[in-house]
Amino acid sequence: MTVQQDSPGDSDTQDLEVWIDQDLCTGDGICVQYAPDVFELDIDGLAYVKSGDDELLQEPGATTPVPLPLLQDVVDSAKECPGDCIHVRRVKDSVEVYGPDAD
Ligand code: SF4
């Protein structure tokens, strides 16, 4: 018998959200190259997160959920971000797991 492993209890990789600190964004667009479904450059030259239905979220500190299939792309964006301004955190307790404030 084959056992399916969907890891329903793996909360470390579930329910993550991401936000960008535009004050530090250099506008190079690296994040948009990595994860164009999550990040977008606006006409002001800064990157913003997008909602699930592709709407740019421009309020300071606005977050969007990280789709699990895009997690690695979002994490790579945070690692490569020259402004160190991409923050990935758990939804349930707002603890940063990737980004400049992660342990
Ligand atoms: S990678 Fe960082 S600095 Fe570059 S556009 Fe994206 S958020 Fe801004």
# chains A, B, ... in the order shown; residues from 1 in each chain; ligands from 1
>>> residues_near_ligand(ligand="ligand 1", cutoff="9 Å", atoms="only C-alpha atoms and all ligand atoms", output="number ranges by chain")
A: 19-22, 24-34, 39-41, 45-49, 77-86
>>> select_by_dssp(residues="chain A", states="strand (DSSP E)", output="list in words")
Leu16, Glu17, Val18, Trp19, Ile20, Phe39, Glu40, Leu41, Ala47, Tyr48, Val49, Lys50, Leu56, Leu57, Thr64, Pro65, Ile86, His87, Val88, Arg89, Arg90, Glu96, Val97 and Tyr98 of chain A
>>> write_last_selection(atoms="N, CA and C atoms", output="PDB file, in the first residue's frame")
ATOM      1  N   LEU A  16       2.599  31.415   4.748  1.00  0.00           N
ATOM      2  CA  LEU A  16       3.594  32.475   4.788  1.00  0.00           C
ATOM      3  C   LEU A  16       3.075  33.665   3.987  1.00  0.00           C
ATOM      4  N   GLU A  17       3.534  34.832   4.378  1.00  0.00           N
ATOM      5  CA  GLU A  17       3.181  36.042   3.641  1.00  0.00           C
ATOM      6  C   GLU A  17       4.452  36.861   3.436  1.00  0.00           C
ATOM      7  N   VAL A  18       4.417  37.754   2.470  1.00  0.00           N
ATOM      8  CA  VAL A  18       5.606  38.519   2.139  1.00  0.00           C
ATOM      9  C   VAL A  18       5.233  39.989   1.999  1.00  0.00           C
ATOM     10  N   TRP A  19       6.174  40.855   2.407  1.00  0.00           N
ATOM     11  CA  TRP A  19       5.976  42.288   2.215  1.00  0.00           C
ATOM     12  C   TRP A  19       7.314  42.927   1.857  1.00  0.00           C
ATOM     13  N   ILE A  20       7.243  44.094   1.276  1.00  0.00           N
ATOM     14  CA  ILE A  20       8.445  44.816   0.841  1.00  0.00           C
ATOM     15  C   ILE A  20       8.497  46.164   1.553  1.00  0.00           C
ATOM     16  N   PHE A  39       5.630  39.756  -7.280  1.00  0.00           N
ATOM     17  CA  PHE A  39       6.209  41.099  -7.214  1.00  0.00           C
ATOM     18  C   PHE A  39       6.034  41.826  -8.547  1.00  0.00           C
ATOM     19  N   GLU A  40       5.929  43.150  -8.443  1.00  0.00           N
ATOM     20  CA  GLU A  40       5.848  43.949  -9.677  1.00  0.00           C
ATOM     21  C   GLU A  40       6.434  45.331  -9.416  1.00  0.00           C
ATOM     22  N   LEU A  41       7.116  45.865 -10.432  1.00  0.00           N
ATOM     23  CA  LEU A  41       7.602  47.243 -10.341  1.00  0.00           C
ATOM     24  C   LEU A  41       6.490  48.189 -10.772  1.00  0.00           C
ATOM     25  N   ALA A  47       9.350  48.241  -6.147  1.00  0.00           N
ATOM     26  CA  ALA A  47       8.652  46.958  -6.217  1.00  0.00           C
ATOM     27  C   ALA A  47       7.571  46.877  -5.146  1.00  0.00           C
ATOM     28  N   TYR A  48       6.471  46.230  -5.518  1.00  0.00           N
ATOM     29  CA  TYR A  48       5.344  46.013  -4.605  1.00  0.00           C
ATOM     30  C   TYR A  48       4.908  44.559  -4.717  1.00  0.00           C
ATOM     31  N   VAL A  49       4.270  44.062  -3.670  1.00  0.00           N
ATOM     32  CA  VAL A  49       3.664  42.738  -3.750  1.00  0.00           C
ATOM     33  C   VAL A  49       2.299  42.862  -4.413  1.00  0.00           C
ATOM     34  N   LYS A  50       1.856  41.727  -4.957  1.00  0.00           N
ATOM     35  CA  LYS A  50       0.566  41.700  -5.629  1.00  0.00           C
ATOM     36  C   LYS A  50      -0.383  40.750  -4.905  1.00  0.00           C
ATOM     37  N   LEU A  56      -1.828  45.347  -7.541  1.00  0.00           N
ATOM     38  CA  LEU A  56      -0.676  45.881  -6.827  1.00  0.00           C
ATOM     39  C   LEU A  56      -1.110  46.404  -5.459  1.00  0.00           C
ATOM     40  N   LEU A  57      -0.391  46.004  -4.411  1.00  0.00           N
ATOM     41  CA  LEU A  57      -0.752  46.418  -3.051  1.00  0.00           C
ATOM     42  C   LEU A  57       0.236  47.482  -2.598  1.00  0.00           C
ATOM     43  N   THR A  64       1.118  39.876   1.088  1.00  0.00           N
ATOM     44  CA  THR A  64       0.351  38.968   0.231  1.00  0.00           C
ATOM     45  C   THR A  64       0.763  37.549   0.584  1.00  0.00           C
ATOM     46  N   PRO A  65      -0.158  36.604   0.487  1.00  0.00           N
ATOM     47  CA  PRO A  65       0.215  35.219   0.791  1.00  0.00           C
ATOM     48  C   PRO A  65       1.242  34.704  -0.210  1.00  0.00           C
ATOM     49  N   ILE A  86      12.952  42.561   1.406  1.00  0.00           N
ATOM     50  CA  ILE A  86      11.861  41.608   1.210  1.00  0.00           C
ATOM     51  C   ILE A  86      11.754  40.753   2.467  1.00  0.00           C
ATOM     52  N   HIS A  87      10.589  40.787   3.073  1.00  0.00           N
ATOM     53  CA  HIS A  87      10.366  40.109   4.351  1.00  0.00           C
ATOM     54  C   HIS A  87       9.318  39.010   4.178  1.00  0.00           C
ATOM     55  N   VAL A  88       9.701  37.764   4.513  1.00  0.00           N
ATOM     56  CA  VAL A  88       8.767  36.633   4.456  1.00  0.00           C
ATOM     57  C   VAL A  88       8.505  36.196   5.889  1.00  0.00           C
ATOM     58  N   ARG A  89       7.240  36.142   6.251  1.00  0.00           N
ATOM     59  CA  ARG A  89       6.936  35.803   7.650  1.00  0.00           C
ATOM     60  C   ARG A  89       5.749  34.858   7.732  1.00  0.00           C
ATOM     61  N   ARG A  90       5.674  34.183   8.885  1.00  0.00           N
ATOM     62  CA  ARG A  90       4.545  33.302   9.139  1.00  0.00           C
ATOM     63  C   ARG A  90       3.316  34.146   9.411  1.00  0.00           C
ATOM     64  N   GLU A  96       9.351  36.514  11.212  1.00  0.00           N
ATOM     65  CA  GLU A  96      10.034  36.505   9.920  1.00  0.00           C
ATOM     66  C   GLU A  96      10.865  35.237   9.783  1.00  0.00           C
ATOM     67  N   VAL A  97      10.687  34.529   8.663  1.00  0.00           N
ATOM     68  CA  VAL A  97      11.422  33.281   8.450  1.00  0.00           C
ATOM     69  C   VAL A  97      12.471  33.425   7.348  1.00  0.00           C
ATOM     70  N   TYR A  98      12.284  34.362   6.445  1.00  0.00           N
ATOM     71  CA  TYR A  98      13.299  34.682   5.427  1.00  0.00           C
ATOM     72  C   TYR A  98      13.338  36.186   5.287  1.00  0.00           C
TER      73      TYR A  98
END
>>> closest_residue(among="A:Ala102, A:Ile43, A:Asp93, A:Ser51", to="A:Val66", atoms="only C-alpha atoms")
A:Ser51
>>> select_by_dssp(residues="stretch 17-92 of chain A", states="helix (DSSP H, G or I)", output="short mmCIF file (atom, residue, chain, number, x, y, z; two decimals) with C-alpha atoms, in the first residue's frame")
data_model
loop_
_atom_site.label_atom_id
_atom_site.label_comp_id
_atom_site.auth_asym_id
_atom_site.auth_seq_id
_atom_site.Cartn_x
_atom_site.Cartn_y
_atom_site.Cartn_z
CA GLN A 22 9.80 50.31 -0.25
CA ASP A 23 11.98 52.77 1.70
CA LEU A 24 14.94 50.46 1.00
CA ILE A 30 15.49 41.22 -9.27
CA CYS A 31 12.44 40.09 -7.30
CA VAL A 32 10.21 40.59 -10.34
CA GLN A 33 12.53 38.39 -12.38
CA TYR A 34 12.38 35.64 -9.77
CA LEU A 68 3.60 27.24 -1.88
CA PRO A 69 4.77 26.48 -5.45
CA LEU A 70 6.39 29.93 -5.54
CA LEU A 71 8.01 29.75 -2.12
CA GLN A 72 11.51 29.00 -3.42
CA ASP A 73 11.32 31.87 -5.91
CA VAL A 74 10.20 34.24 -3.17
CA VAL A 75 12.93 33.02 -0.82
CA ASP A 76 15.55 33.47 -3.55
CA SER A 77 14.23 36.99 -4.11
CA ALA A 78 14.64 37.80 -0.44
CA LYS A 79 18.18 36.40 -0.44
CA GLU A 80 19.25 38.27 -3.55
#
>>> closest_residue(among="A:Asp15, A:Glu59, A:Asp101, A:Asp54", to="A:Pro36", atoms="only C-alpha atoms")
A:Asp54
>>> atom_distance(atom1="atom CA of A:Gln58", atom2="atom CA of A:Ser94")
19.5 Å
>>> decode(residues="stretch 15-85 of chain A", atoms="C-alpha atoms", output="mmCIF file, in the first residue's frame")
data_model
loop_
_atom_site.group_PDB
_atom_site.id
_atom_site.type_symbol
_atom_site.label_atom_id
_atom_site.label_comp_id
_atom_site.auth_asym_id
_atom_site.auth_seq_id
_atom_site.Cartn_x
_atom_site.Cartn_y
_atom_site.Cartn_z
ATOM 1 C CA ASP A 15 0.735 30.145 5.546
ATOM 2 C CA LEU A 16 3.594 32.475 4.788
ATOM 3 C CA GLU A 17 3.181 36.042 3.641
ATOM 4 C CA VAL A 18 5.606 38.519 2.139
ATOM 5 C CA TRP A 19 5.976 42.288 2.215
ATOM 6 C CA ILE A 20 8.445 44.816 0.841
ATOM 7 C CA ASP A 21 9.902 47.820 2.622
ATOM 8 C CA GLN A 22 9.803 50.309 -0.249
ATOM 9 C CA ASP A 23 11.977 52.767 1.702
ATOM 10 C CA LEU A 24 14.935 50.465 1.000
ATOM 11 C CA CYS A 25 13.986 49.205 -2.463
ATOM 12 C CA THR A 26 16.571 50.041 -5.126
ATOM 13 C CA GLY A 27 14.193 49.290 -7.995
ATOM 14 C CA ASP A 28 16.563 46.866 -9.738
ATOM 15 C CA GLY A 29 13.727 44.395 -10.351
ATOM 16 C CA ILE A 30 15.495 41.217 -9.270
ATOM 17 C CA CYS A 31 12.439 40.088 -7.302
ATOM 18 C CA VAL A 32 10.213 40.586 -10.337
ATOM 19 C CA GLN A 33 12.529 38.391 -12.383
ATOM 20 C CA TYR A 34 12.384 35.637 -9.766
ATOM 21 C CA ALA A 35 8.672 35.784 -8.950
ATOM 22 C CA PRO A 36 6.638 37.906 -11.368
ATOM 23 C CA ASP A 37 3.389 36.486 -9.978
ATOM 24 C CA VAL A 38 4.191 37.925 -6.556
ATOM 25 C CA PHE A 39 6.209 41.099 -7.214
ATOM 26 C CA GLU A 40 5.848 43.949 -9.677
ATOM 27 C CA LEU A 41 7.602 47.243 -10.341
ATOM 28 C CA ASP A 42 5.272 50.225 -10.373
ATOM 29 C CA ILE A 43 5.762 53.399 -12.403
ATOM 30 C CA ASP A 44 7.414 54.943 -9.333
ATOM 31 C CA GLY A 45 10.280 52.491 -9.942
ATOM 32 C CA LEU A 46 9.731 50.557 -6.720
ATOM 33 C CA ALA A 47 8.652 46.958 -6.217
ATOM 34 C CA TYR A 48 5.344 46.013 -4.605
ATOM 35 C CA VAL A 49 3.664 42.738 -3.750
ATOM 36 C CA LYS A 50 0.566 41.700 -5.629
ATOM 37 C CA SER A 51 -2.652 40.140 -4.414
ATOM 38 C CA GLY A 52 -3.757 36.748 -5.676
ATOM 39 C CA ASP A 53 -5.830 38.468 -8.354
ATOM 40 C CA ASP A 54 -2.879 40.496 -9.650
ATOM 41 C CA GLU A 55 -3.652 43.785 -7.933
ATOM 42 C CA LEU A 56 -0.676 45.881 -6.827
ATOM 43 C CA LEU A 57 -0.752 46.418 -3.051
ATOM 44 C CA GLN A 58 0.736 49.814 -2.355
ATOM 45 C CA GLU A 59 -0.103 50.475 1.271
ATOM 46 C CA PRO A 60 3.082 50.557 3.383
ATOM 47 C CA GLY A 61 3.678 47.105 4.851
ATOM 48 C CA ALA A 62 1.025 45.441 2.701
ATOM 49 C CA THR A 63 1.401 41.672 2.665
ATOM 50 C CA THR A 64 0.351 38.968 0.231
ATOM 51 C CA PRO A 65 0.215 35.219 0.791
ATOM 52 C CA VAL A 66 3.130 33.224 -0.609
ATOM 53 C CA PRO A 67 1.770 30.432 -2.838
ATOM 54 C CA LEU A 68 3.605 27.245 -1.881
ATOM 55 C CA PRO A 69 4.770 26.477 -5.453
ATOM 56 C CA LEU A 70 6.393 29.930 -5.544
ATOM 57 C CA LEU A 71 8.014 29.748 -2.123
ATOM 58 C CA GLN A 72 11.512 29.004 -3.424
ATOM 59 C CA ASP A 73 11.323 31.870 -5.914
ATOM 60 C CA VAL A 74 10.202 34.242 -3.170
ATOM 61 C CA VAL A 75 12.934 33.021 -0.816
ATOM 62 C CA ASP A 76 15.546 33.467 -3.545
ATOM 63 C CA SER A 77 14.228 36.991 -4.109
ATOM 64 C CA ALA A 78 14.639 37.796 -0.439
ATOM 65 C CA LYS A 79 18.183 36.399 -0.438
ATOM 66 C CA GLU A 80 19.249 38.271 -3.555
ATOM 67 C CA CYS A 81 17.429 41.540 -2.850
ATOM 68 C CA PRO A 82 20.115 44.260 -2.822
ATOM 69 C CA GLY A 83 17.998 46.462 -0.594
ATOM 70 C CA ASP A 84 17.485 43.685 1.995
ATOM 71 C CA CYS A 85 13.877 44.745 2.031
#
